There are 2 protein chains.
Amino acid sequence: MKFTAQLGMGLVSATLLAMSFSAAAQHAFNNADKAVEYRQKALSIMQNNFAVMGDMVKGDIEFDGVIFTERANDFAALSAIPWIGFSQPGAQPGNNTDALPAIWDNWDDFVERAEQLQNDAKALQAAAAAGDQGDIRKAFMAAARNCKGCHDQYKD
Amino acid sequence: MKFTAQLGMGLVSATLLAMSFSAAAQHAFNNADKAVEYRQKALSIMQNNFAVMGDMVKGDIEFDGVIFTERANDFAALSAIPWIGFSQPGAQPGNNTDALPAIWDNWDDFVERAEQLQNDAKALQAAAAAGDQGDIRKAFMAAARNCKGCHDQYKD
């Protein structure tokens with residue numbers, strides 16, 4: 001058993017080493033700058049999904065229910081992701097962020113908005129799956145208003 | 001009804017305009033370079049989650065079941081995200097990517113590996129929720145091997 005466990009750990013170490021994960025590796029969960037990058041990357045890919053749905057809602061490109069649903073699914077999956085990058089120790093705004101200190105001065109409000117966005121994203125996902133374009137537009141607008149409201153309040 | 005619909009669209013347009021989404025906006029779903037950025041950002045935040053789980057599996061930091069489960073949940077949510085960035089028209093490798101042309105020469109294998117990673121991520125998420133450290137380690141290693149296998153094959 002002991003041997004198997006050691007062999008197991010050896011394999012883990014070898015695999016991790018090969019993937020450049022070492023004790024010295026920095027990531028969003030032990031480094032404030034990486035936490036800033038993390039949340040920016042997560043929000044950026046959310047925005048990409050939202051933008052193409054917006055193109056369809058506005059009629060700038062033809063509405064495609066299959067594509068819209070895929071993007072709504074990914075937007076919903078991503079909507080829970082960025083927020084940990086704001087709560088890591090030291091991840092307050094620095095030179096490489098548009099996040100305003102007001103976020104940390106109004107943390108409960110910020111968390112509430114983040115949770116509301118996740119609910120909005122789930123509602124948009126459900127509307128996309130159901131396929132009624134009027135409902136999809138309403139759900140999209142609700143999410144858009146929440147994005148904008150939070151940016152107005154907390155983004156430089 | 002007509003008025004309401006127009007008002008609705010007016011609000012959508014105003015909201016989108018305020019958020020800098022316009023017909024000219026480029027995103028991962030209409031621009032090859034943005035698609036490359038998209039997949040890189042998605043894989044980067046996946047790696048961040050995987051790295052902190054790796055720190056715990058290796059014992060470089062103390063195992064914390066709550067944090068591990070949160071990271072496993074986010075890793076699972078993210079595991080479906082990057083792949084669309086490889087399939088957008090024109091998103092083949094250029095100057096700003098380590099993705100090898102072999103991906104597109106072996107597309108079915110690449111897709112199969114991407115799907116396997118999503119299964120691995122779900123298994124890791126389930127193991128984390130169940131809480132048995134031996135099972136967690138096994139599930140983590142299975143995912144790590146798949147990450148590494150795909151990188152060896154398809155990443156410069």
# chains A, B, ... in the order shown; residues from 1 in each chain; ligands from 1
>>> residues_around(residues="Trp104 (chain A)", least_positions_apart="4", cutoff="12 Å", atoms="only C-alpha atoms", output="list in words")
Phe86, Ser87, Gln88, Pro89, Gly90, Ala91, Gln92, Pro93, Ala99, Leu100, Asp108, Asp109, Phe110, Val111, Gln153 and Tyr154 of chain A
>>> write_last_selection(atoms="C-alpha atoms", output="PDB file, in the first residue's frame")
ATOM      1  CA  PHE A  86     -11.726  39.990  -6.455  1.00  0.00           C
ATOM      2  CA  SER A  87     -11.628  38.303  -3.060  1.00  0.00           C
ATOM      3  CA  GLN A  88      -8.103  36.899  -3.024  1.00  0.00           C
ATOM      4  CA  PRO A  89      -5.913  38.674  -0.451  1.00  0.00           C
ATOM      5  CA  GLY A  90      -4.191  41.681  -1.981  1.00  0.00           C
ATOM      6  CA  ALA A  91      -6.291  41.618  -5.164  1.00  0.00           C
ATOM      7  CA  GLN A  92      -7.504  45.189  -4.676  1.00  0.00           C
ATOM      8  CA  PRO A  93      -6.969  47.555  -7.606  1.00  0.00           C
ATOM      9  CA  ALA A  99     -11.671  47.909 -10.774  1.00  0.00           C
ATOM     10  CA  LEU A 100     -12.468  50.771  -8.418  1.00  0.00           C
ATOM     11  CA  ASP A 108     -21.917  43.195   0.098  1.00  0.00           C
ATOM     12  CA  ASP A 109     -23.470  45.164  -2.759  1.00  0.00           C
ATOM     13  CA  PHE A 110     -20.814  43.886  -5.163  1.00  0.00           C
ATOM     14  CA  VAL A 111     -21.400  40.262  -4.127  1.00  0.00           C
ATOM     15  CA  GLN A 153     -20.613  51.725 -10.187  1.00  0.00           C
ATOM     16  CA  TYR A 154     -17.377  49.802  -9.934  1.00  0.00           C
TER      17      TYR A 154
END
>>> atom_distance(atom1="CA of Lys41 (chain A)", atom2="CA of Asp105 (chain B)")
28.6 Å
>>> closest_residue(among="B:Lys155, B:Ala80, B:Arg39, B:Phe140", to="Ala128 (chain B)", atoms="only C-alpha atoms")
B:Phe140
>>> residues_around(residues="Arg113 (chain A)", least_positions_apart="6", cutoff="9 Å", atoms="only C-alpha atoms", output="PyMOL selection string")
chain A and resi 146-147+149-150
>>> select_by_dssp(residues="chain B", states="helix (DSSP H, G or I)", output="PyMOL selection string")
chain B and resi 2-18+32-58+65-78+84-87+102-105+107-130+133-154
>>> closest_residue(among="A:Val36, A:Ala143, A:Met46, A:Ile81", to="chain B", atoms="only C-alpha atoms")
A:Ile81
>>> atom_distance(atom1="CA of Gly59 (chain A)", atom2="CA of Ser44 (chain A)")
22.5 Å
>>> residues_around(residues="Leu43 (chain A)", least_positions_apart="5", cutoff="9 Å", atoms="only C-alpha atoms", output="list in words")
Tyr38, Asn48, Leu78, Ser79, Ile81 and Pro82 of chain A
>>> closest_residue(among="A:Gly85, A:Asp74, A:Asp60, A:Arg145", to="His27 (chain A)", atoms="only C-alpha atoms")
A:Gly85
>>> atom_distance(atom1="CA of Asp55 (chain B)", atom2="CA of Ala127 (chain B)")
16.9 Å
>>> residues_around(residues="Gly131 (chain A)", least_positions_apart="2", cutoff="12 Å", atoms="only C-alpha atoms", output="ChimeraX atom specification")
/A:63-69,72,124-129,133-137,139
>>> closest_residue(among="A:Lys122, A:Pro101, A:Ile84, A:Asn96", to="chain B", atoms="only C-alpha atoms")
A:Ile84
>>> closest_residue(among="A:Ala121, A:Asp98, A:Ala42, A:Asn31", to="chain B", atoms="only C-alpha atoms")
A:Ala42
>>> closest_residue(among="B:Leu117, B:Ala130, B:Ala142, B:Ala51", to="chain A", atoms="only C-alpha atoms")
B:Ala51
